[in-house]
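Enquirer: Please see the structure below; I have some questions.
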Amino acid sequence: MKSPLDTFVERAAGEVNTPKARAVDAGARLLTAKRLAGVEDYPAMDTMRDRAREIRLHTLAHLDRYLEQFAESVEAVGGRVFFAEDAAEANEYVRRVAEEASAELIVKSKSMVTEEIDLNSWLEADGRNVVETDLGEFIIQLAEERPSHIVAPVMHKTRQDVGALFARELGAPYTEDPTELNQIARVHLRRLFLRADMGISGVNFGVASTGSICLVTNEGNGRLVTTAPRVHVAVMGMERVVPTPGDLGVMLEVLARSATGQRLSAYTNIVTGPRREGDPDGPDEFHVVILGNGRSEVLGGATSEILACIRCGACLNVCPVYREVSGHAYGDVYSGPIGAVLAPSLFGLEGNEQLPYASTLCGACVDVCPVRIEIPDLLLALRERAVNEATAFGWLGSAMSAYEVVATRPRAWRAALSTGSLLGRAVRGGWIGRLPAPGSAWTRSRDFPAPARESFHTWWRRNRGT
């Protein structure tokens, strides 16, 4: 579900300083402040982050074993497991389950991995009615847009936007009151839960030793989607498994605090298999689709650590680039620092070659990551690949080659410094207002600092005796 614009730079140029970007910036800053308050209220956070990182890296190092154990555990409690190599296999399996169940109405809880494989379009093309029931995803579906954030998909919309959307699409009286808007959505969706033939969810974590899946949300729709319909299909990225319930407990300690500043999300649901004899509710069928879709290749590559991500969104909230350009500039489902690594890693550099450069490398993402993923290192690894395989910017390879020639030859370097000093003395006010391409991309929105009028070496020779 790529944007029609070709590059990150083009998309970002259209998003900067728009109402959408300002809404995202405000939302991201609010979540960052909530995270900080939640962390300050939990003295053990650093220790738990270290433990969470150990669990995730250990699991990835032995992923084949834990996936096999998870599949066996799911089947032992009456569920069915399907390993999908790519999006087409996953979508076709879910379509086939829906067909066998004669499912006309399908309700979904929030799932980034089903966004990744564009599952809704696949099912709708087969004549199924698919309804997103997470409030943010419901709004996005009505607006025919993509999520702008992996936790808060509708962060780019204001309450006025949502009021106008509900009035237009649902025929509801216009209101800007958040409580009233929630009630409009609740009334609309409640009858769908009770009529749905099938429910589809994502998986925050799958527990290898028990075959359980854990869903973390702040809305009750996740429980309705997984218990009211007679068929439940859970779609899980292959990396989202943890070994034991104790390990799951560690992940939950850091997830909610990192995402929204809460001690625990309002609804943390653990689902183990289909309904058993005597159970008052629950599905008759429980399916887990375990998705590869490029993850196996990532696991053996230079950016494998990105698979430790638990999708809290903290890196997006703190990233200065994401705050300025909003999520849609990244052109795909995953945005922000996590998207800048994950999209090129999963889907290749072609079309994504500029994403590794969508970062200042300030390291704020590492500071807040609950599993301490070294995102700047991964971005640098992808930049190296971009230079070797598909140069992100046509001039960059030549410019860096020229820099290498000058920087490794003392006479050439001194000559370049002298030339720069002459230019610096010629510029009035110390700032350059207009540069030729590719520098024009900078000066279209801000001035460029002129070179120093005097090099450090010259200054040092003149002042070292003082």
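Letters A, B, ... mark the chains of the structure tokens in the order given; residue numbers begin at 1 per chain; ligand numbers begin at 1, in order shown.
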Name the residues in contact with region 118-121 of chain A at a cut-off of 9 Å, using only C-alpha atoms, excluding same-chain residues fewer than 6 positions from it; report them as a PyMOL selection string.

Expert: chain A and resi 1+87+90-91+94-95+128-131

Enquirer: Can you write just those residues out, C-alpha atoms, as a PDB file, in the first residue's frame?

Expert:
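What follows is the written file selection-v6.pdb:
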```pdb
ATOM      1  CA  MET A   1       0.000   0.000   0.000  1.00  0.00           C
ATOM      2  CA  ALA A  87       1.870 -12.094   2.184  1.00  0.00           C
ATOM      3  CA  ALA A  90      -1.016 -15.664   4.496  1.00  0.00           C
ATOM      4  CA  ASN A  91      -3.851 -13.871   2.722  1.00  0.00           C
ATOM      5  CA  VAL A  94      -7.210 -16.514   5.743  1.00  0.00           C
ATOM      6  CA  ARG A  95      -9.411 -16.240   2.648  1.00  0.00           C
ATOM      7  CA  ARG A 128     -16.306 -10.247   2.330  1.00  0.00           C
ATOM      8  CA  ASN A 129     -17.276  -7.264   4.472  1.00  0.00           C
ATOM      9  CA  VAL A 130     -14.282  -6.466   6.695  1.00  0.00           C
ATOM     10  CA  VAL A 131     -14.695  -3.920   9.502  1.00  0.00           C
TER      11      VAL A 131
END
```

Enquirer: Among the residues of region 167-379 of chain A, find those DSSP assigns to alpha helix (DSSP H) from the backbone and print them as a ChimeraX atom specification.

Expert: /A:167-170,178-195,221-227,245-259,295-299,314-318,320-325,336-347,364-368,375-379

Enquirer: In terms of the shortest atom-to-atom distance over only C-alpha atoms, which of A:Val405, A:Ile150, A:Ile432, A:Ala399 is closest to Cys309 (chain A)?

Expert: A:Ile150

Enquirer: Could you check how far CA of Val39 (chain A) sits from CA of Val368 (chain A), in Å to one decimal?

Expert: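 Atom-to-atom, CA of Val39 (chain A) and CA of Val368 (chain A) are spaced 9.8 Å apart.
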
Enquirer: Counting only C-alpha atoms, which residue out of A:Glu305, A:Asp25, A:Glu239, A:Asp50 sits closest to Val254 (chain A)?

Expert: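 For Val254 (chain A), the nearest of the given residues is A:Asp50.
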
Enquirer: How many Å separate CA of Pro436 (chain A) from CA of Glu350 (chain A)?

Expert: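 Result for CA of Pro436 (chain A) versus CA of Glu350 (chain A): 26.9 Å, one decimal.
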
Enquirer: Can you pull out the residues contacting Cys312 (chain A)? Cut-off 8 Å, using only C-alpha atoms, and skip same-chain residues under 4 positions away; I want them as a list in words.

Expert: Ile150, Val151, Leu255, Ala256, Ser258 and Ala259 of chain A

Enquirer: Would you list the contacts of Glu253 (chain A) as a PyMOL selection string, taking every protein, DNA or RNA residue within 9 Å and counting only C-alpha atoms, but skipping same-chain residues closer than 4 positions in sequence?

Expert: chain A and resi 45+48-49+248-249+257+263-264

Enquirer: Which residues, written as an NGL selection string, have at least one atom at most 8 Å from Arg230 (chain A), with only C-alpha atoms counted and residues fewer than 6 positions away on the same chain left out?

Expert: :A and (197-199 or 282-285)

Enquirer: Would you please give, as a PyMOL selection string, all residues of region 231-333 of chain A that DSSP assigns to strand (DSSP E) based on the backbone?

Expert: chain A and resi 231-237+241-242+267-271+285-291

Enquirer: Leaving out region 456-464 of chain A and any residue of its chain fewer than 4 positions from it, which residues lie within 10 Å of it when counting only C-alpha atoms, given as an NGL selection string?

Expert: :A and (414 or 417-418 or 452)

Enquirer: Output all heavy atoms for every residue in the selection just made, as a tab-separated table (two decimals), in the first residue's frame.

Expert:
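Now in part.tsv:
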```tsv
chain	number	residue	atom	x	y	z
A	414	ARG	N	44.37	21.07	2.82
A	414	ARG	CA	44.69	22.46	3.18
A	414	ARG	C	44.19	23.43	2.10
A	414	ARG	O	43.70	24.51	2.42
A	414	ARG	CB	46.20	22.61	3.38
A	414	ARG	CG	46.70	21.99	4.69
A	414	ARG	CD	48.11	22.44	5.03
A	414	ARG	NE	49.08	21.89	4.08
A	414	ARG	CZ	49.71	20.74	4.24
A	414	ARG	NH1	49.46	20.00	5.32
A	414	ARG	NH2	50.58	20.30	3.35
A	417	LEU	N	40.50	23.89	2.60
A	417	LEU	CA	40.22	24.76	3.74
A	417	LEU	C	40.45	26.22	3.38
A	417	LEU	O	39.68	27.11	3.78
A	417	LEU	CB	41.09	24.36	4.92
A	417	LEU	CG	40.78	23.02	5.59
A	417	LEU	CD1	41.76	22.76	6.73
A	417	LEU	CD2	39.35	22.97	6.10
A	418	SER	N	41.50	26.48	2.62
A	418	SER	CA	41.80	27.86	2.20
A	418	SER	C	40.68	28.40	1.31
A	418	SER	O	40.25	29.55	1.46
A	418	SER	CB	43.13	27.92	1.47
A	418	SER	OG	44.19	27.52	2.33
A	452	ALA	N	33.74	28.82	7.85
A	452	ALA	CA	34.43	29.72	8.77
A	452	ALA	C	35.42	30.59	8.00
A	452	ALA	O	36.05	30.15	7.04
A	452	ALA	CB	35.16	28.92	9.84
```

Enquirer: Which polymer residues have any atom within 6 Å of an atom of region 142-149 of chain A, counting only C-alpha atoms, with same-chain residues fewer than 3 positions away left out, as a PyMOL selection string?

Expert: chain A and resi 139+152-153+327-328

Enquirer: Within 12 Å of region 336-348 of chain A, which residues of region 13-124 of chain A come that close, and what is the closest atom pair and distance in Å for each? Count only C-alpha atoms and give it as a Markdown table.

Expert:
```
| residue | atom | partner | partner_atom | distance |
| --- | --- | --- | --- | --- |
| A:Val24 | CA | A:Gly336 | CA | 11.6 |
| A:Ala28 | CA | A:Gly336 | CA | 11.1 |
| A:Asp86 | CA | A:Leu346 | CA | 10.8 |
| A:Ala87 | CA | A:Phe347 | CA | 11.4 |
| A:Met112 | CA | A:Gly339 | CA | 11.8 |
| A:Glu116 | CA | A:Ala343 | CA | 9.9 |
| A:Ile117 | CA | A:Phe347 | CA | 11.4 |
```

Enquirer: How would the residues just chosen look if you wrote them out with N, CA and C atoms as a compact mmCIF listing (two decimals), in the first residue's frame?

Expert:
```
# COMPACT_ATOMS: atom_id res chain seq x y z
N VAL A 24 0.38 15.45 14.48
CA VAL A 24 1.28 14.34 14.83
C VAL A 24 2.32 14.80 15.83
N ALA A 28 2.73 13.13 19.44
CA ALA A 28 3.98 12.46 19.78
C ALA A 28 4.61 13.05 21.04
N ASP A 86 5.00 -15.80 2.69
CA ASP A 86 4.87 -14.41 2.26
C ASP A 86 3.44 -13.94 2.44
N ALA A 87 3.20 -12.69 2.01
CA ALA A 87 1.87 -12.09 2.18
C ALA A 87 0.81 -12.86 1.42
N MET A 112 -0.91 -4.40 12.94
CA MET A 112 0.00 -3.83 11.95
C MET A 112 0.43 -4.86 10.93
N GLU A 116 0.43 -4.72 6.95
CA GLU A 116 1.62 -5.01 6.14
C GLU A 116 1.29 -5.85 4.92
N ILE A 117 0.41 -6.86 5.09
CA ILE A 117 0.11 -7.77 3.97
C ILE A 117 -1.15 -7.35 3.22
```

Enquirer: Given only C-alpha atoms as the basis, pick out the residue of A:Thr360, A:Thr7, A:Asn204, A:Asn352 nearest to Glu389 (chain A).

Expert: A:Asn352

Enquirer: Please measure the separation of CA of Phe70 (chain A) and CA of Val250 (chain A), giving the value in Å to one decimal.

Expert: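 Those two atoms sit 18.4 Å apart.
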